[in-house]
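Peer 1: Handing over run_39.pdb, PDB, C-alpha atoms, pLDDT in the B column.
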```pdb
ATOM      1  CA  MET O  19       7.381  32.648  59.778  1.00 51.00           C
ATOM      2  CA  PRO O  20       9.622  34.031  62.549  1.00 60.00           C
ATOM      3  CA  LEU O  21      13.252  32.957  62.476  1.00 59.00           C
ATOM      4  CA  SER O  22      12.985  30.959  65.699  1.00 58.00           C
ATOM      5  CA  LYS O  23      10.082  28.866  64.292  1.00 59.00           C
ATOM      6  CA  GLN O  24      11.919  27.729  61.160  1.00 62.00           C
ATOM      7  CA  PRO O  25      12.856  24.017  61.246  1.00 63.00           C
ATOM      8  CA  GLN O  26      16.432  24.671  60.061  1.00 68.00           C
ATOM      9  CA  PHE O  27      16.894  27.140  62.904  1.00 66.00           C
ATOM     10  CA  LEU O  28      15.689  24.729  65.594  1.00 70.00           C
ATOM     11  CA  ARG O  29      17.688  21.777  64.242  1.00 75.00           C
ATOM     12  CA  ASN O  30      20.858  23.825  64.399  1.00 85.00           C
ATOM     13  CA  LEU O  31      20.256  25.585  67.699  1.00 89.00           C
ATOM     14  CA  PHE O  32      23.737  24.711  69.028  1.00 91.00           C
ATOM     15  CA  TRP O  33      25.475  26.628  66.202  1.00 93.00           C
ATOM     16  CA  ILE O  34      23.016  29.510  66.512  1.00 94.00           C
ATOM     17  CA  PHE O  35      23.757  29.619  70.260  1.00 95.00           C
ATOM     18  CA  ILE O  36      27.531  29.804  69.642  1.00 96.00           C
ATOM     19  CA  ALA O  37      27.304  32.311  66.767  1.00 97.00           C
ATOM     20  CA  SER O  38      24.982  34.582  68.732  1.00 96.00           C
ATOM     21  CA  GLY O  39      27.213  34.648  71.799  1.00 96.00           C
ATOM     22  CA  GLY O  40      24.797  32.672  73.936  1.00 95.00           C
ATOM     23  CA  PHE O  41      21.777  34.393  72.325  1.00 95.00           C
ATOM     24  CA  VAL O  42      23.150  37.878  73.162  1.00 96.00           C
ATOM     25  CA  GLY O  43      22.840  38.680  69.454  1.00 95.00           C
ATOM     26  CA  PHE O  44      19.062  38.319  69.711  1.00 95.00           C
ATOM     27  CA  LEU O  45      18.692  41.142  72.228  1.00 95.00           C
ATOM     28  CA  PRO O  46      16.586  43.892  70.626  1.00 91.00           C
ATOM     29  CA  VAL O  47      19.094  46.765  70.717  1.00 93.00           C
ATOM     30  CA  CYS O  48      22.745  47.154  69.679  1.00 94.00           C
ATOM     31  CA  PRO O  49      23.643  43.472  69.221  1.00 95.00           C
ATOM     32  CA  GLY O  50      27.191  44.306  68.065  1.00 94.00           C
ATOM     33  CA  THR O  51      27.892  46.533  71.044  1.00 96.00           C
ATOM     34  CA  LEU O  52      26.390  44.001  73.432  1.00 97.00           C
ATOM     35  CA  GLY O  53      28.459  41.270  71.782  1.00 97.00           C
ATOM     36  CA  ALA O  54      31.645  43.290  72.289  1.00 97.00           C
ATOM     37  CA  LEU O  55      30.645  43.964  75.896  1.00 97.00           C
ATOM     38  CA  THR O  56      30.038  40.237  76.388  1.00 97.00           C
ATOM     39  CA  GLY O  57      33.510  39.527  75.017  1.00 98.00           C
ATOM     40  CA  LEU O  58      35.007  42.094  77.379  1.00 98.00           C
ATOM     41  CA  ILE O  59      33.264  40.524  80.381  1.00 97.00           C
ATOM     42  CA  TYR O  60      34.319  36.973  79.427  1.00 97.00           C
ATOM     43  CA  PHE O  61      37.921  38.088  78.876  1.00 98.00           C
ATOM     44  CA  TRP O  62      38.021  39.785  82.287  1.00 97.00           C
ATOM     45  CA  PHE O  63      37.964  36.285  83.807  1.00 97.00           C
ATOM     46  CA  ILE O  64      41.040  35.126  81.865  1.00 96.00           C
ATOM     47  CA  LYS O  65      43.068  38.348  81.995  1.00 97.00           C
ATOM     48  CA  GLN O  66      45.397  36.868  84.637  1.00 96.00           C
ATOM     49  CA  ALA O  67      46.263  33.907  82.412  1.00 97.00           C
ATOM     50  CA  ASP O  68      49.682  33.935  80.787  1.00 97.00           C
ATOM     51  CA  LEU O  69      50.023  35.521  77.355  1.00 97.00           C
ATOM     52  CA  LEU O  70      50.304  32.207  75.472  1.00 98.00           C
ATOM     53  CA  THR O  71      47.108  30.932  77.067  1.00 98.00           C
ATOM     54  CA  GLN O  72      45.281  34.159  76.153  1.00 98.00           C
ATOM     55  CA  ILE O  73      46.498  33.866  72.543  1.00 98.00           C
ATOM     56  CA  PHE O  74      45.574  30.171  72.328  1.00 98.00           C
ATOM     57  CA  LEU O  75      42.081  30.781  73.729  1.00 98.00           C
ATOM     58  CA  THR O  76      41.531  33.774  71.433  1.00 98.00           C
ATOM     59  CA  LEU O  77      42.625  31.844  68.339  1.00 98.00           C
ATOM     60  CA  SER O  78      40.438  28.897  69.369  1.00 98.00           C
ATOM     61  CA  LEU O  79      37.452  31.189  69.857  1.00 98.00           C
ATOM     62  CA  SER O  80      38.150  32.776  66.471  1.00 98.00           C
ATOM     63  CA  LEU O  81      38.179  29.418  64.683  1.00 97.00           C
ATOM     64  CA  LEU O  82      34.971  28.429  66.453  1.00 97.00           C
ATOM     65  CA  GLY O  83      33.599  31.805  65.330  1.00 97.00           C
ATOM     66  CA  VAL O  84      34.484  31.189  61.683  1.00 97.00           C
ATOM     67  CA  LEU O  85      32.752  27.816  61.771  1.00 97.00           C
ATOM     68  CA  SER O  86      29.662  28.853  63.747  1.00 96.00           C
ATOM     69  CA  SER O  87      29.105  32.112  61.850  1.00 96.00           C
ATOM     70  CA  HIS O  88      29.468  30.293  58.527  1.00 95.00           C
ATOM     71  CA  LEU O  89      26.915  27.673  59.568  1.00 95.00           C
ATOM     72  CA  ALA O  90      24.550  30.281  61.047  1.00 93.00           C
ATOM     73  CA  SER O  91      24.623  32.299  57.816  1.00 92.00           C
ATOM     74  CA  LYS O  92      23.839  29.153  55.820  1.00 91.00           C
ATOM     75  CA  ILE O  93      21.037  28.157  58.216  1.00 89.00           C
ATOM     76  CA  VAL O  94      19.205  31.486  57.910  1.00 87.00           C
ATOM     77  CA  ARG O  95      20.350  32.145  54.313  1.00 88.00           C
ATOM     78  CA  GLN O  96      21.860  35.575  55.066  1.00 88.00           C
ATOM     79  CA  LYS O  97      25.415  36.714  54.275  1.00 87.00           C
ATOM     80  CA  ASP O  98      26.021  38.279  57.718  1.00 85.00           C
ATOM     81  CA  PRO O  99      23.044  37.809  60.050  1.00 91.00           C
ATOM     82  CA  GLU O 100      22.621  40.577  62.616  1.00 93.00           C
ATOM     83  CA  PHE O 101      22.322  38.090  65.485  1.00 95.00           C
ATOM     84  CA  VAL O 102      25.835  36.728  64.832  1.00 96.00           C
ATOM     85  CA  VAL O 103      28.034  38.469  67.417  1.00 97.00           C
ATOM     86  CA  ILE O 104      30.801  35.925  67.925  1.00 98.00           C
ATOM     87  CA  ASP O 105      32.834  38.110  65.558  1.00 97.00           C
ATOM     88  CA  GLU O 106      32.556  41.023  68.005  1.00 97.00           C
ATOM     89  CA  ILE O 107      33.368  38.740  70.937  1.00 98.00           C
ATOM     90  CA  ALA O 108      36.499  37.350  69.254  1.00 98.00           C
ATOM     91  CA  GLY O 109      37.533  40.794  67.991  1.00 97.00           C
ATOM     92  CA  MET O 110      37.197  42.146  71.511  1.00 98.00           C
ATOM     93  CA  TRP O 111      39.373  39.316  72.789  1.00 98.00           C
ATOM     94  CA  PHE O 112      42.109  40.267  70.299  1.00 98.00           C
ATOM     95  CA  SER O 113      41.796  43.833  71.608  1.00 98.00           C
ATOM     96  CA  LEU O 114      42.391  42.685  75.167  1.00 98.00           C
ATOM     97  CA  ILE O 115      45.292  40.232  74.864  1.00 98.00           C
ATOM     98  CA  GLY O 116      47.906  41.297  77.410  1.00 97.00           C
ATOM     99  CA  LYS O 117      45.686  43.969  78.975  1.00 97.00           C
ATOM    100  CA  LEU O 118      45.052  43.962  82.723  1.00 96.00           C
ATOM    101  CA  SER O 119      43.643  47.253  83.965  1.00 95.00           C
ATOM    102  CA  LEU O 120      40.078  48.509  83.869  1.00 96.00           C
ATOM    103  CA  PHE O 121      41.393  51.612  82.055  1.00 94.00           C
ATOM    104  CA  GLU O 122      42.846  49.429  79.265  1.00 96.00           C
ATOM    105  CA  PHE O 123      39.622  47.421  79.018  1.00 98.00           C
ATOM    106  CA  ILE O 124      37.445  50.544  78.703  1.00 97.00           C
ATOM    107  CA  LEU O 125      39.828  52.152  76.217  1.00 97.00           C
ATOM    108  CA  ALA O 126      39.931  48.952  74.155  1.00 98.00           C
ATOM    109  CA  PHE O 127      36.131  48.686  74.168  1.00 98.00           C
ATOM    110  CA  VAL O 128      35.663  52.244  72.881  1.00 98.00           C
ATOM    111  CA  ILE O 129      38.388  52.031  70.223  1.00 97.00           C
ATOM    112  CA  PHE O 130      37.255  48.587  69.071  1.00 97.00           C
ATOM    113  CA  ARG O 131      33.658  49.724  68.624  1.00 97.00           C
ATOM    114  CA  VAL O 132      34.757  52.782  66.643  1.00 95.00           C
ATOM    115  CA  LEU O 133      36.945  50.659  64.349  1.00 94.00           C
ATOM    116  CA  ASP O 134      34.279  47.980  64.020  1.00 91.00           C
ATOM    117  CA  ILE O 135      31.536  50.451  63.114  1.00 88.00           C
ATOM    118  CA  ARG O 136      33.544  52.843  60.897  1.00 88.00           C
ATOM    119  CA  LYS O 137      35.744  50.155  59.290  1.00 82.00           C
ATOM    120  CA  PRO O 138      38.604  52.494  58.305  1.00 80.00           C
ATOM    121  CA  PHE O 139      41.584  51.583  56.107  1.00 79.00           C
ATOM    122  CA  PHE O 140      40.931  48.246  54.457  1.00 78.00           C
ATOM    123  CA  ILE O 141      39.041  46.684  57.362  1.00 78.00           C
ATOM    124  CA  GLY O 142      35.715  46.893  55.516  1.00 70.00           C
ATOM    125  CA  SER O 143      37.105  45.145  52.442  1.00 70.00           C
ATOM    126  CA  LEU O 144      37.624  41.971  54.490  1.00 73.00           C
ATOM    127  CA  GLU O 145      33.844  41.507  54.559  1.00 73.00           C
ATOM    128  CA  SER O 146      34.066  40.502  50.896  1.00 73.00           C
ATOM    129  CA  PHE O 147      35.516  37.121  51.865  1.00 78.00           C
ATOM    130  CA  SER O 148      32.937  34.367  51.705  1.00 77.00           C
ATOM    131  CA  GLY O 149      31.224  32.590  54.561  1.00 86.00           C
ATOM    132  CA  GLY O 150      32.496  32.699  58.113  1.00 89.00           C
ATOM    133  CA  TRP O 151      35.789  34.317  57.103  1.00 92.00           C
ATOM    134  CA  GLY O 152      33.931  37.314  55.678  1.00 90.00           C
ATOM    135  CA  ILE O 153      31.950  37.656  58.882  1.00 93.00           C
ATOM    136  CA  MET O 154      34.953  37.316  61.198  1.00 95.00           C
ATOM    137  CA  LEU O 155      38.032  38.855  59.550  1.00 93.00           C
ATOM    138  CA  ASP O 156      37.065  42.532  59.768  1.00 93.00           C
ATOM    139  CA  ASP O 157      36.436  42.235  63.509  1.00 95.00           C
ATOM    140  CA  LEU O 158      39.632  40.268  64.121  1.00 96.00           C
ATOM    141  CA  LEU O 159      41.685  42.915  62.332  1.00 94.00           C
ATOM    142  CA  ALA O 160      39.850  45.681  64.205  1.00 95.00           C
ATOM    143  CA  GLY O 161      40.767  43.847  67.415  1.00 97.00           C
ATOM    144  CA  LEU O 162      44.440  43.582  66.471  1.00 96.00           C
ATOM    145  CA  LEU O 163      44.565  47.272  65.554  1.00 96.00           C
ATOM    146  CA  THR O 164      42.786  48.170  68.782  1.00 97.00           C
ATOM    147  CA  ASN O 165      45.333  46.211  70.794  1.00 98.00           C
ATOM    148  CA  ALA O 166      48.207  48.051  69.088  1.00 97.00           C
ATOM    149  CA  ILE O 167      46.555  51.463  69.585  1.00 97.00           C
ATOM    150  CA  VAL O 168      45.788  50.814  73.273  1.00 98.00           C
ATOM    151  CA  THR O 169      49.343  49.570  73.860  1.00 97.00           C
ATOM    152  CA  LEU O 170      50.761  52.694  72.209  1.00 96.00           C
ATOM    153  CA  LEU O 171      48.426  55.074  74.046  1.00 95.00           C
ATOM    154  CA  VAL O 172      49.165  53.496  77.432  1.00 93.00           C
ATOM    155  CA  TYR O 173      52.896  53.655  76.697  1.00 92.00           C
ATOM    156  CA  VAL O 174      52.674  57.342  75.710  1.00 92.00           C
ATOM    157  CA  VAL O 175      50.585  58.193  78.774  1.00 89.00           C
ATOM    158  CA  LYS O 176      53.006  56.377  81.099  1.00 84.00           C
ATOM    159  CA  PHE O 177      56.090  57.814  79.366  1.00 86.00           C
ATOM    160  CA  SER O 178      54.732  61.337  79.627  1.00 83.00           C
ATOM    161  CA  GLY O 179      54.116  60.858  83.339  1.00 75.00           C
ATOM    162  CA  LEU O 180      50.342  61.364  83.193  1.00 71.00           C
ATOM    163  CA  ILE O 181      49.790  58.122  85.151  1.00 64.00           C
TER     164      ILE O 181
END
```
Write out the structure in this file as structure tokens.

Peer 2:
Amino acid sequence: MPLSKQPQFLRNLFWIFIASGGFVGFLPVCPGTLGALTGLIYFWFIKQADLLTQIFLTLSLSLLGVLSSHLASKIVRQKDPEFVVIDEIAGMWFSLIGKLSLFEFILAFVIFRVLDIRKPFFIGSLESFSGGWGIMLDDLLAGLLTNAIVTLLVYVVKFSGLI
């Protein structure tokens, strides 16, 4: 029986909707990349907000992500369902806190996707946590690292007079 026809799935459609980034995670190709792109687009609309508001919204989204991804994984009985992309959305938001320019957004998107896919350092080990935390933590750390790398790269480029 297809996933969308299962009674548990239909009864919990709200949590599936949140966890899948508004059903973006169900698109047939590259759900993680499309989830990150969705996060980038959503964040573009709040980039002018003050830093504390950006942090508050990102932390709120992350907590909602932990809850919704945990429930979605229980609903479909999978440790980390492919359709769950709220982790990429929240990770992308961490990447973009304090960023304003299109250049920073594009740079953050590329670096975040590389870190999210390759999972260097101990990022991959965070997936061993159970439930929603295991789904979310690796992406949140990848987002924090991305933010630091983009900040450093932009500083170096500006300091060297390249822009």

Peer 1: Where does the PyMOL selection byres ((chain O and resi 53-60) around 6) land in this file, that is, which residues does it pick, as a ChimeraX atom specification?

Peer 2: /O:49-52,61-63,103,106-107,110

Peer 1: Give me, as a tab-separated table, each residue of stretch 44-92 of chain O that comes within 7 Å of stretch 34-39 of chain O, together with its shortest interatomic pair and the distance in Å at one decimal, counting all atoms listed in the file, with rows ordered by chain and rising residue number.

Peer 2:
```
residue	atom	partner	partner_atom	distance
O:Gly53	CA	O:Gly39	CA	6.7
O:Gly83	CA	O:Ala37	CA	6.5
O:Ser86	CA	O:Ala37	CA	5.2
O:Ser87	CA	O:Ala37	CA	5.2
O:Ala90	CA	O:Ile34	CA	5.7
```

Peer 1: Quick check on the file I pasted: which residues fall under the PyMOL selection byres ((chain O and resi 141-145) around 7)? Write them as a PDB file with C-alpha atoms, in the frame of the given file.

Peer 2:
```pdb
ATOM      1  CA  LYS O 137      35.744  50.155  59.290  1.00 82.00           C
ATOM      2  CA  PRO O 138      38.604  52.494  58.305  1.00 80.00           C
ATOM      3  CA  PHE O 139      41.584  51.583  56.107  1.00 79.00           C
ATOM      4  CA  PHE O 140      40.931  48.246  54.457  1.00 78.00           C
ATOM      5  CA  SER O 146      34.066  40.502  50.896  1.00 73.00           C
ATOM      6  CA  PHE O 147      35.516  37.121  51.865  1.00 78.00           C
ATOM      7  CA  GLY O 152      33.931  37.314  55.678  1.00 90.00           C
ATOM      8  CA  ILE O 153      31.950  37.656  58.882  1.00 93.00           C
ATOM      9  CA  LEU O 155      38.032  38.855  59.550  1.00 93.00           C
ATOM     10  CA  ASP O 156      37.065  42.532  59.768  1.00 93.00           C
ATOM     11  CA  LEU O 159      41.685  42.915  62.332  1.00 94.00           C
ATOM     12  CA  ALA O 160      39.850  45.681  64.205  1.00 95.00           C
TER      13      ALA O 160
END
```

Peer 1: Counting all atoms listed in the file, which residue out of O:Leu89, O:Ile64, O:Leu79, O:Leu69 sits closest to O:Arg29?

Peer 2: O:Leu89

Peer 1: If we count all atoms listed in the file and set the cut-off at 12 Å, which residues sit around O:Leu81, ignoring sequence neighbours fewer than 4 positions away in its own chain? Please answer as a list in words.

Peer 2: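 Selected residues are Ile36, Ala37, Phe74, Leu75, Thr76, Leu77, Leu85, Ser86, Ser87, His88, Ile104, Asp105, Ala108, Gly109, Gly150, Trp151, Ile153, Met154, Leu155 and Leu158 of chain O.
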
Peer 1: Mind dumping the selected residues with C-alpha atoms as a PDB file, in the coordinates of the input?

Peer 2:
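Written out: out.pdb:
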```pdb
ATOM      1  CA  ILE O  36      27.531  29.804  69.642  1.00 96.00           C
ATOM      2  CA  ALA O  37      27.304  32.311  66.767  1.00 97.00           C
ATOM      3  CA  PHE O  74      45.574  30.171  72.328  1.00 98.00           C
ATOM      4  CA  LEU O  75      42.081  30.781  73.729  1.00 98.00           C
ATOM      5  CA  THR O  76      41.531  33.774  71.433  1.00 98.00           C
ATOM      6  CA  LEU O  77      42.625  31.844  68.339  1.00 98.00           C
ATOM      7  CA  LEU O  85      32.752  27.816  61.771  1.00 97.00           C
ATOM      8  CA  SER O  86      29.662  28.853  63.747  1.00 96.00           C
ATOM      9  CA  SER O  87      29.105  32.112  61.850  1.00 96.00           C
ATOM     10  CA  HIS O  88      29.468  30.293  58.527  1.00 95.00           C
ATOM     11  CA  ILE O 104      30.801  35.925  67.925  1.00 98.00           C
ATOM     12  CA  ASP O 105      32.834  38.110  65.558  1.00 97.00           C
ATOM     13  CA  ALA O 108      36.499  37.350  69.254  1.00 98.00           C
ATOM     14  CA  GLY O 109      37.533  40.794  67.991  1.00 97.00           C
ATOM     15  CA  GLY O 150      32.496  32.699  58.113  1.00 89.00           C
ATOM     16  CA  TRP O 151      35.789  34.317  57.103  1.00 92.00           C
ATOM     17  CA  ILE O 153      31.950  37.656  58.882  1.00 93.00           C
ATOM     18  CA  MET O 154      34.953  37.316  61.198  1.00 95.00           C
ATOM     19  CA  LEU O 155      38.032  38.855  59.550  1.00 93.00           C
ATOM     20  CA  LEU O 158      39.632  40.268  64.121  1.00 96.00           C
TER      21      LEU O 158
END
```

Peer 1: Between atom CA of O:Leu45 and atom CA of O:Glu100, what is the spacing in Å?

Peer 2: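 Atom CA of O:Leu45 lies at a distance of 10.4 Å from atom CA of O:Glu100.
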
Peer 1: For a test of reading the model, state the distance in Å between atom CA of O:Val174 and atom CA of O:Phe112, rounded to one decimal.

Peer 2: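 Computing the Euclidean distance for atom CA of O:Val174 and atom CA of O:Phe112 yields 20.8 Å.
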
Peer 1: Using all atoms listed in the file, which of the listed residues (O:Leu31, O:Val94, O:Leu180, O:Val84) sits closest to O:Gly149?

Peer 2: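 Ranking O:Leu31, O:Val94, O:Leu180, O:Val84 by distance to O:Gly149, first place goes to O:Val84.
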
Peer 1: When distances are computed from all atoms listed in the file, which of O:Val168, O:Arg136, O:Trp33, O:Phe130 shows the smallest separation from O:Leu118?

Peer 2: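 Distance minimum relative to O:Leu118 lands on O:Val168.
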
Peer 1: Using only the atoms of stretch 98-107 of chain O listed in the file, plus 6 Å on each side, state the axis-aligned box centre and edge lengths in Å rounded to one decimal, as AutoDock Vina command-line options.

Peer 2:
```
--center_x 27.8 --center_y 38.5 --center_z 64.3 --size_x 23.0 --size_y 17.1 --size_z 25.2
```
